[in-house]
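Each remark here refers to the structure printed beneath this line.
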Amino acid sequence: MKKTTMKLFSLLIVVIMVCSVFIGCTAKEEAPKDDGEAGTSDSVDNAVQDKASSGDLTKIRVGTQPTTIGVPAQYALEKGYFKEEGLDVDLVLFPTGAPLNEAIAAGELDVAANGLASVFPLANGVCEWIGEANTTGGMGIYVREGSPILENKGEIEGKPDMYGTAESIKGTTFLGPIGTSAQFNVMRYIQHFGLSDADIEQIHMDHGQAYQAYVAGEGDALATSPPFSYDAEDSGFIMAASFEDATESPLFDGLLARKDYSADNPESVKAFVKAYYRACEDLMSDPEMRKEYSIDWFTKNGREYNEETMLKEIEDRDYVTQSMMESEDYSYGLGMLAIADFYTFDGKVEEADLPNVPESFNVSYIEDIMDIKINIATYDDLK
Amino acid sequence: MNEDISIDSVQKREKSGYIIISLISLVIGIFLWWLFTEGLGTISHKIMPGPIRVFQSFFSKFYVSAPDGATLLQHLGSSLQITLLGYVIGVAIGIPLGIVMAWYPKFDLFARPVFDLLRPIPGIAWIPVMIVLFGIGLLSKGMVVFLSVFVAITINTYTGIQQTKSVHKWVSHTFGASNIYTLFHVAIPTALPMLMTGLRVALGAAWTTIIAAELLASTKGIGFMIQQSRGLFRPDIIIVGMIAIGITGSVLGWLLGLLEKRVLKGRLSKE
Amino acid sequence: MSKNIIKLEVKNLCKQFGDLLVLDDISFNVNKGEFLCIVGPTGCGKTTFINSITKLYTPTSGEILLDNEIVDPNKHNIAYIFQEESTMDWLTVFQNVEFGLKVKKIPKAEREIKVNEYLEIVGLTEFKDYYPRELSASMLQRVSIARAFVTEPDLLLMDEPYGQLDIELRFKLEDELINLWERTGTTVLFITHNIEEAVYLAENIMILTNKPAKVKSRLPVNLQHPRDIADPEFVEIRNKVTELIRWW
Amino acid sequence: MNKTFWESKWAKPISAFISIFGFLLIWHIGVNSSSLGELMPGPIDVLSRFVGSFSVNIGQYTILGHALWSLSRVAIAYSVASFAGVICGLAMGRYPKFEAAFRPYFEIIRPIPPIAWIPMAILWFGLGELTKYFLIFLAAFSNVTLNAYTGAISVDPELIGAARMLGASDNQIFRTITIPASVPHIFAGMQISLSSSWATVVAAEMVRSSEGIGWMIVSGMEINNMQQILAGIVAIGLIGYGLATFMRFLERKLLVWNERGA
């Protein structure tokens with residue numbers, strides 16, 4: 001008798017708890033999320049567009065960063081290119097590639113335009129590599145004037161512009177986000193001098209913070225990318241090694257799609273790719289417009305560019321266009337393979353996962369849209 | 001601690017039965033975890049790795065440094081070092097300040113308002129400020145830990161000293177004791193239980209704060225390990241990190257509990 | 001015992017809290033070794049008065065002399081037994097009793113002898129290592145009494161020390177107190193609102209008026225200890241005090 | 001003369017003013033007289049930014065809007081946590097078997113700070129509000145539960161004995177004695193929880209958000225805007241202080257009968 005009432009009571013408690021949690025969830029999800037989403041990250045323009053768009057558009061969640069890679073997505077969104085393709089794009093911005101990956105893992109994004117960090121979802125078999133978006137110049141490792149690293153130049157054969165010796169690099173502290181191009185840059189740089197990650201220290205910080213800390217006198221070297229690399233130059237810091245010199249691999253930022261999403265919604269993915277490349281073509285054909293547009297959007301998102309730095313970026317970084325992809329020496333996915341190969345050194349990419357990367361290359365969308373044939377890279381091309 | 005008081009001799013007989021219930025409950029929980037992850041695969045291991053995977057990762061993390069560059073013990077050592085540094089300094093400054101604030105009302109009038117405003121600010125909010133002021137090395141993290149420890153310790157010491165009964169002060173004064181003598185022999189003993197609680201709360205705060213600081217800027221530490229595993233599709237390492245945080249937190253709390261029992265001898269600690 | 005030496009001299013004592021006058025021009029003397037009870041209506045300022053003597057409150061005007069010097073707990077040997085329970089819960093019974101001796105920097109060996117002696121007197125020897133929370137209310141009050149007597153004070157102040165105890169215990173402790181007083185020859189100032197208690201204990205009874213307190217009158221109780229509360233003389237004095245205390 | 005000042009009712013506000021002003025002055029001098037000024041804005045900049053943000057948007061809202069966002073997150077998660085915590089705590093106190101089954105999980109989860117849950121919470125609940133609620137919930141839940149539990153098991157045994165002699169059933173005792181007697185404990189737990197919920201708002205808003213006081217700090221970090229960070233910290237401090245004061249006021253109003261006992 002007593003036992004049954006007790007059981008009933010505990011059951012009741014469990015039910016109430018579960019219900020209360022769910023009531024709490026649904027209530028909040030309905031009320032604040034609507035506004036929340038309208039305002040997610042980018043700008044009020046989107047909200048207006050979202051409201052204008054009615055139910056017949058297909059919703060697609062896109063993640064990117066307020067950097068070069070994000071500009072075409074934002075541009076296509078504002079120009080209505082996505083809408084023309086029947087897409088209702090929800091553009092979500094992330095400060096670096098790592099949290100963007102996390103959002104992919106959490107199933108919060110369908111497609112993304114991301115940088116080097118894309119290698120992880122590719123290696124894990126979560127995403128496919130559906131397009132390359134822009135070349136990545138302007139990245140590098142910077143040191144202060146008077147740094148011992150600057151005492152020696154051109155020690156490594158074939159790298160006349162690269163500074164440093166094994167002795168001067170050993171024991172230095174590098175600032176920059178780990179798990180992104182900055183770390184890749186640093187590791188490849190020190191490898192030229194026969195050093196490993198045990199010989200140096202790398203402090204993980206997002207680009208903005210790392211730059212600020214470096215200006216404040218922290219660390220010995222800064223591994224960064226535009227616009228902070230341009231700021232670094234303006235502040236009188238000296239580039240010890242460019243990304244290209246250090247890594248010897250062309251790096252492309254690019255587009256990825258969740259495999260499950262791509263399988264279920266090939267039309268949406270294709271539409272996204274099409275609108276994105278349309279924006280790329282626009283931006284490449286009108287550098288003046290690209291400059292104005294980029295500066296405006298970056299500033300809105302807290303990345304201060306001036307005209308000069310923006311011009312440098314335009315100089316350094318091209319958006320991928322049809323003509324580029326058609327050229328002889330274009331090798332799709334080569335950068336990703338190099339990075340995947342590199343990251344096996346500290347287990348961030350497990351060796352067993354290496355084949356996943358070339359397997360994830362899916363050029364069918366581009367080939368369909370543009371009616372071209374693309375040359376796909378393999379690990380053999382790395383040698 | 002509380003159960004010990006409530007459980008009388010009659011209940012003791014049943015206690016072993018309760019342990020069995022606890023065990024069964026845990027086994028069921030782990031089984032369900034396994035069933036929906038590794039068993040049936042209902043939940044992807046990218047979202048929630050199964051218990052076997054987590055346990056494997058946990059043990060292999062003692063000697064494998066992938067994917068974040070250090071083994072579990074190296075991370076743990078780094079985190080503990082900073083935590084203890086900030087903790088010791090926080091305690092060393094917080095206790096005297098709390099005592100002085102509570103014992104000298106005039107000082108209190110001036111110190112309290114500033115303190116009341118700083119108090120509700122969580123340690124994690126100070127991180128950006130500390131990075132700017134003290135850079136990104138050990139010092140800034142130590143400072144963030146220090147701040148959160150300091151606040152908790154000062155408040156608890158303060159409250160403890162204020163609990164001194166007037167009658168005890170009178171007893172001391174009428175025997176001719178000086179104000180300082182009364183402070184050390186009456187007020188501080190009175191405050192001890194609160195002070196011990198403060199030490200415990202502050203240790204929890206320190207441990208939480210170091211994790212937060214490491215999530216934001218660091219080269220090593222449990223928080224860094226978790227941070228690195230985000231976006232690398234390694235939730236097993238994240239869970240390993242959480243387990244390590246939980247166990248370490250519990251062990252630290254337990255050690256302080258031992259100290260507390262010794263210090264408070266015949267007295268019950270005031271929660 | 002030379003009972004004619006003036007121990008405590010209170011001259012024109014006034015105490016004001018803000019606008020509230022609590023003690024109004026109180027003057028009296030206490031001889032060495034005298035047991036004086038102070039009675040008055042509840043809330044008339046008895047406690048304020050005793051607190052003024054121990055410097056817990058500074059008097060607004062007037063002065064208090066102990067052995068012809070301004071009273072000062074640092075100089076004089078005063079002990080105070082409070083109305084409230086006042087043992088310290090972080091000390092054992094032994095350490096509690098020892099407290100005053102430690103303040104007065106008595107050497108350890110001597111402290112131990114004295115504390116043990118007084119613990120014996122109040123019957124707590126076997127409880128000396130107990131903590132207060134393990135003891136009953138009456139035992140705690142005995143700890144307080146021992147703590148006061150062990151310092152062998154020149155002046156012992158007691159502020160309704162038995163107010164919270166039941167009658168039986170109270171009788172017992174009152175007898176103990178008289179015993180201790182007779183043995184030590186301490187000067188005692190005992191505050192109570194219980195007239196019977198005053199008559200039972202005191203050599204002299206001082207009656208205060210209602211607020212602001214003034215000395216209304218002072219009368220001796222010339223009875224031998226132990227006293228019998230049914231004794232007609234006892235009853236007569238009690239009635240007299242009762243009459244004096246009525247303010248309505 | 002001196003003395004009357006310390007005892008007057010002005011002593012408190014005047015000394016508070018002097019001390020806060022002094023604190024700001026030290027800050028001001030520190031920033032202006034050293035190279036610190038390049039990194040840290042002074043109090044005037046921060047306070048004017050703080051005051052200005054009542055009318056000028058930071059991101060999409062004024063500071064009031066951000067505060068409301070944060071407060072609404074705390075309010076929702078905190079209410080759910082308090083409700084669930086009280087029920088769990090009382091149930092643990094009432095049913096030893098429930099305690100035996102539930103306690104291990106509670107003890108495993110309790111020492112893990114909310115911030116360490118962020119990555120898993122994102123994987124489970126995504127980047128939306130649910131994750132933020134979950135983190136704040138965690139911050140509040142354990143305290144309320146623990147206090148309710150302590151309340152339920154530390155009821156004076158004599159009281160229960162007396163009730164049992166009068167023939168009350170276990171359920172009646174629980175309803176009429178245990179629950180009311182636990183209220184002060186529960187309230188204490190809720191007070192602590194409200195503070196810790198509020199302190200967790202920064203961590204919660206580290207999960208992608210575009211509004212809230214925590215967001216002000218997090219995004220200030222991303223874009224290196226110290227003024228915005230410090231204005232956010234000021235807001236956190238003021239609101240936290242306000243919440244604590246409010247809870248103390250509530251306690252005085254609601255638990256009058258308890259004060260005697262305490």
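Each chain in the structure tokens gets a letter, A, B and so on, in the order shown; residues start at 1 in every chain, and ligands are counted from 1 in the order they appear.
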Neighbour list for Gly219 (chain A) as a list in words, cut-off 12 Å, only C-alpha atoms, skip fewer than 5 positions in-chain =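 Within the cut-off, the hits are Tyr142, Val143, Arg144, Ser147, Gly171, Thr172, Thr173, Phe174, Leu175, Gly176, Ile200, Glu201, Gln202, Ile203, His204, Met205, Ala210, Tyr211, Gln212, Ala213 and Tyr214 of chain A; Gly135, Ile136 and Gly137 of chain B.
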Could those selected residues go to a file with N, CA and C atoms, as a PDB file, in the first residue's frame?
ATOM      1  N   TYR A 142      54.652  36.963 -38.410  1.00  0.00           N
ATOM      2  CA  TYR A 142      55.229  38.288 -38.218  1.00  0.00           C
ATOM      3  C   TYR A 142      56.028  38.341 -36.922  1.00  0.00           C
ATOM      4  N   VAL A 143      57.121  39.113 -36.974  1.00  0.00           N
ATOM      5  CA  VAL A 143      57.893  39.312 -35.749  1.00  0.00           C
ATOM      6  C   VAL A 143      58.182  40.801 -35.583  1.00  0.00           C
ATOM      7  N   ARG A 144      58.583  41.172 -34.393  1.00  0.00           N
ATOM      8  CA  ARG A 144      58.899  42.573 -34.126  1.00  0.00           C
ATOM      9  C   ARG A 144      60.277  42.906 -34.673  1.00  0.00           C
ATOM     10  N   SER A 147      63.907  41.432 -33.588  1.00  0.00           N
ATOM     11  CA  SER A 147      63.808  40.039 -33.156  1.00  0.00           C
ATOM     12  C   SER A 147      65.006  39.254 -33.683  1.00  0.00           C
ATOM     13  N   GLY A 171      62.418  27.946 -28.900  1.00  0.00           N
ATOM     14  CA  GLY A 171      62.009  28.567 -27.644  1.00  0.00           C
ATOM     15  C   GLY A 171      61.137  29.795 -27.788  1.00  0.00           C
ATOM     16  N   THR A 172      60.767  30.152 -29.021  1.00  0.00           N
ATOM     17  CA  THR A 172      59.914  31.329 -29.178  1.00  0.00           C
ATOM     18  C   THR A 172      58.449  30.964 -28.957  1.00  0.00           C
ATOM     19  N   THR A 173      57.679  32.004 -28.704  1.00  0.00           N
ATOM     20  CA  THR A 173      56.244  31.821 -28.484  1.00  0.00           C
ATOM     21  C   THR A 173      55.475  32.412 -29.658  1.00  0.00           C
ATOM     22  N   PHE A 174      54.650  31.604 -30.281  1.00  0.00           N
ATOM     23  CA  PHE A 174      53.823  32.048 -31.401  1.00  0.00           C
ATOM     24  C   PHE A 174      52.389  32.247 -30.934  1.00  0.00           C
ATOM     25  N   LEU A 175      51.775  33.319 -31.380  1.00  0.00           N
ATOM     26  CA  LEU A 175      50.372  33.547 -31.067  1.00  0.00           C
ATOM     27  C   LEU A 175      49.520  33.285 -32.303  1.00  0.00           C
ATOM     28  N   GLY A 176      48.350  32.702 -32.078  1.00  0.00           N
ATOM     29  CA  GLY A 176      47.438  32.483 -33.195  1.00  0.00           C
ATOM     30  C   GLY A 176      46.524  31.312 -32.911  1.00  0.00           C
ATOM     31  N   ILE A 200      58.959  24.875 -29.628  1.00  0.00           N
ATOM     32  CA  ILE A 200      58.380  26.220 -29.548  1.00  0.00           C
ATOM     33  C   ILE A 200      57.130  26.166 -28.690  1.00  0.00           C
ATOM     34  N   GLU A 201      56.552  27.321 -28.473  1.00  0.00           N
ATOM     35  CA  GLU A 201      55.286  27.350 -27.770  1.00  0.00           C
ATOM     36  C   GLU A 201      54.257  28.056 -28.639  1.00  0.00           C
ATOM     37  N   GLN A 202      53.079  27.467 -28.726  1.00  0.00           N
ATOM     38  CA  GLN A 202      52.026  28.127 -29.493  1.00  0.00           C
ATOM     39  C   GLN A 202      50.880  28.433 -28.558  1.00  0.00           C
ATOM     40  N   ILE A 203      50.487  29.685 -28.525  1.00  0.00           N
ATOM     41  CA  ILE A 203      49.380  30.050 -27.642  1.00  0.00           C
ATOM     42  C   ILE A 203      48.129  30.247 -28.474  1.00  0.00           C
ATOM     43  N   HIS A 204      47.109  29.503 -28.076  1.00  0.00           N
ATOM     44  CA  HIS A 204      45.878  29.538 -28.853  1.00  0.00           C
ATOM     45  C   HIS A 204      45.043  30.765 -28.529  1.00  0.00           C
ATOM     46  N   MET A 205      44.802  31.588 -29.517  1.00  0.00           N
ATOM     47  CA  MET A 205      43.904  32.734 -29.362  1.00  0.00           C
ATOM     48  C   MET A 205      43.283  33.037 -30.715  1.00  0.00           C
ATOM     49  N   ALA A 210      44.776  37.646 -30.619  1.00  0.00           N
ATOM     50  CA  ALA A 210      46.199  37.368 -30.765  1.00  0.00           C
ATOM     51  C   ALA A 210      46.914  38.627 -31.239  1.00  0.00           C
ATOM     52  N   TYR A 211      46.305  39.303 -32.190  1.00  0.00           N
ATOM     53  CA  TYR A 211      46.922  40.520 -32.706  1.00  0.00           C
ATOM     54  C   TYR A 211      47.056  41.560 -31.600  1.00  0.00           C
ATOM     55  N   GLN A 212      45.956  41.726 -30.866  1.00  0.00           N
ATOM     56  CA  GLN A 212      45.949  42.713 -29.782  1.00  0.00           C
ATOM     57  C   GLN A 212      47.018  42.373 -28.745  1.00  0.00           C
ATOM     58  N   ALA A 213      47.104  41.093 -28.408  1.00  0.00           N
ATOM     59  CA  ALA A 213      48.085  40.665 -27.415  1.00  0.00           C
ATOM     60  C   ALA A 213      49.496  40.903 -27.929  1.00  0.00           C
ATOM     61  N   TYR A 214      49.686  40.657 -29.216  1.00  0.00           N
ATOM     62  CA  TYR A 214      51.026  40.828 -29.785  1.00  0.00           C
ATOM     63  C   TYR A 214      51.428  42.300 -29.751  1.00  0.00           C
TER      64      TYR A 214
ATOM     65  N   GLY B 135      48.552  40.106 -19.996  1.00  0.00           N
ATOM     66  CA  GLY B 135      49.039  39.248 -21.063  1.00  0.00           C
ATOM     67  C   GLY B 135      48.346  37.903 -21.060  1.00  0.00           C
ATOM     68  N   ILE B 136      48.958  36.952 -21.707  1.00  0.00           N
ATOM     69  CA  ILE B 136      48.274  35.696 -21.929  1.00  0.00           C
ATOM     70  C   ILE B 136      48.954  34.544 -21.242  1.00  0.00           C
ATOM     71  N   GLY B 137      49.941  34.844 -20.447  1.00  0.00           N
ATOM     72  CA  GLY B 137      50.668  33.748 -19.801  1.00  0.00           C
ATOM     73  C   GLY B 137      49.980  33.300 -18.538  1.00  0.00           C
TER      74      GLY B 137
END
Tell me the residues of chain B close to chain A, meaning within 8 Å using only C-alpha atoms, as number ranges by chain.
-> B: 46-47, 65-69, 131-132, 135-136, 216-219, 228, 230-233
Excluding same-chain residues fewer than 5 positions from region 94-104 of chain B, what lies within 8 Å of it counting only C-alpha atoms, as a ChimeraX atom specification?
-> /B:111-112,149-151,153-159,161-162,183,188
Set the distance at 10 Å and use only C-alpha atoms: which residues neighbour Leu138 (chain B) once local chain neighbours fewer than 5 positions away are removed? I'd like the list as a CSV table (one decimal) with N, CA, C and O atoms, in the first residue's frame.
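File produced: around_8.csv:
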chain,number,residue,atom,x,y,z
B,78,SER,N,49.0,21.3,-15.5
B,78,SER,CA,49.0,22.7,-15.8
B,78,SER,C,47.9,23.5,-15.2
B,78,SER,O,48.0,24.5,-14.6
B,81,GLN,N,48.2,23.7,-11.4
B,81,GLN,CA,49.3,24.6,-10.9
B,81,GLN,C,48.7,26.1,-10.9
B,81,GLN,O,48.9,26.8,-9.9
B,82,ILE,N,48.1,26.5,-11.9
B,82,ILE,CA,47.5,27.9,-11.9
B,82,ILE,C,46.4,28.0,-10.9
B,82,ILE,O,46.4,29.0,-10.2
B,85,LEU,N,48.0,28.4,-7.5
B,85,LEU,CA,48.7,29.7,-7.4
B,85,LEU,C,47.7,30.8,-7.1
B,85,LEU,O,47.8,31.5,-6.1
B,86,GLY,N,46.6,30.9,-8.0
B,86,GLY,CA,45.6,31.9,-7.7
B,86,GLY,C,44.9,31.7,-6.4
B,86,GLY,O,44.6,32.7,-5.7
B,143,MET,N,45.6,35.5,-12.2
B,143,MET,CA,44.8,36.7,-11.7
B,143,MET,C,43.3,36.5,-11.8
B,143,MET,O,42.6,36.9,-10.9
B,218,SER,N,45.1,29.8,-24.1
B,218,SER,CA,46.1,29.0,-23.3
B,218,SER,C,46.8,28.1,-24.3
B,218,SER,O,46.5,28.0,-25.5
Mind running chain D against chain A at 6 Å and telling me each contacting residue's nearest atom pair with the distance in Å (one decimal), counting only C-alpha atoms, chain and number ascending, as a Markdown table?
| residue | atom | partner | partner_atom | distance |
| --- | --- | --- | --- | --- |
| D:Ala84 | CA | A:Met17 | CA | 5.8 |
| D:Leu123 | CA | A:Ala106 | CA | 4.1 |
| D:Gly126 | CA | A:Ala106 | CA | 5.6 |
| D:Ser210 | CA | A:Ser41 | CA | 5.7 |
| D:Ile223 | CA | A:Gly302 | CA | 5.3 |
8 Å contact set for Thr37 (chain B), only C-alpha atoms, chain neighbours under 4 positions out, as a ChimeraX atom specification = /B:33,41-45,48-50
Can you check which parts of chain C lie within 9 Å of chain B? Per residue, the shortest pair of atoms and distance in Å to one decimal, counting only C-alpha atoms, sorted by chain and number, as a Markdown table.
| residue | atom | partner | partner_atom | distance |
| --- | --- | --- | --- | --- |
| C:Thr54 | CA | B:Thr174 | CA | 5.9 |
| C:Lys55 | CA | B:Thr174 | CA | 7.9 |
| C:Leu56 | CA | B:Trp170 | CA | 7.0 |
| C:Asp72 | CA | B:Gly176 | CA | 7.8 |
| C:Pro73 | CA | B:Gly176 | CA | 4.4 |
| C:Asn74 | CA | B:Gly176 | CA | 4.1 |
| C:Lys75 | CA | B:Gly176 | CA | 7.2 |
| C:His76 | CA | B:Gly176 | CA | 7.8 |
| C:Asn77 | CA | B:Phe175 | CA | 7.1 |
| C:Ile78 | CA | B:Thr174 | CA | 6.2 |
| C:Ala79 | CA | B:Phe175 | CA | 6.1 |
| C:Tyr80 | CA | B:Thr174 | CA | 6.5 |
| C:Ile81 | CA | B:Val171 | CA | 8.0 |
| C:Phe82 | CA | B:Val167 | CA | 7.4 |
| C:Glu84 | CA | B:Val167 | CA | 7.3 |
| C:Glu85 | CA | B:Val167 | CA | 8.2 |
| C:Ser86 | CA | B:Val167 | CA | 6.0 |
| C:Thr87 | CA | B:His168 | CA | 7.5 |
| C:Met88 | CA | B:His168 | CA | 7.0 |
| C:Asp89 | CA | B:Arg267 | CA | 7.6 |
| C:Trp90 | CA | B:Pro189 | CA | 6.6 |
| C:Leu91 | CA | B:Gly266 | CA | 8.7 |
| C:Thr92 | CA | B:Gly266 | CA | 8.7 |
| C:Phe99 | CA | B:Ser172 | CA | 8.1 |
| C:Gly100 | CA | B:Phe175 | CA | 5.6 |
| C:Leu101 | CA | B:Phe175 | CA | 8.4 |
| C:Val103 | CA | B:Ala177 | CA | 5.7 |
| C:Lys104 | CA | B:Gly176 | CA | 7.4 |
| C:Tyr130 | CA | B:Gly266 | CA | 8.5 |
| C:Tyr131 | CA | B:Gly266 | CA | 6.5 |
| C:Arg133 | CA | B:Arg267 | CA | 8.3 |
| C:Ala148 | CA | B:Phe175 | CA | 8.8 |
| C:Thr151 | CA | B:Phe175 | CA | 8.6 |
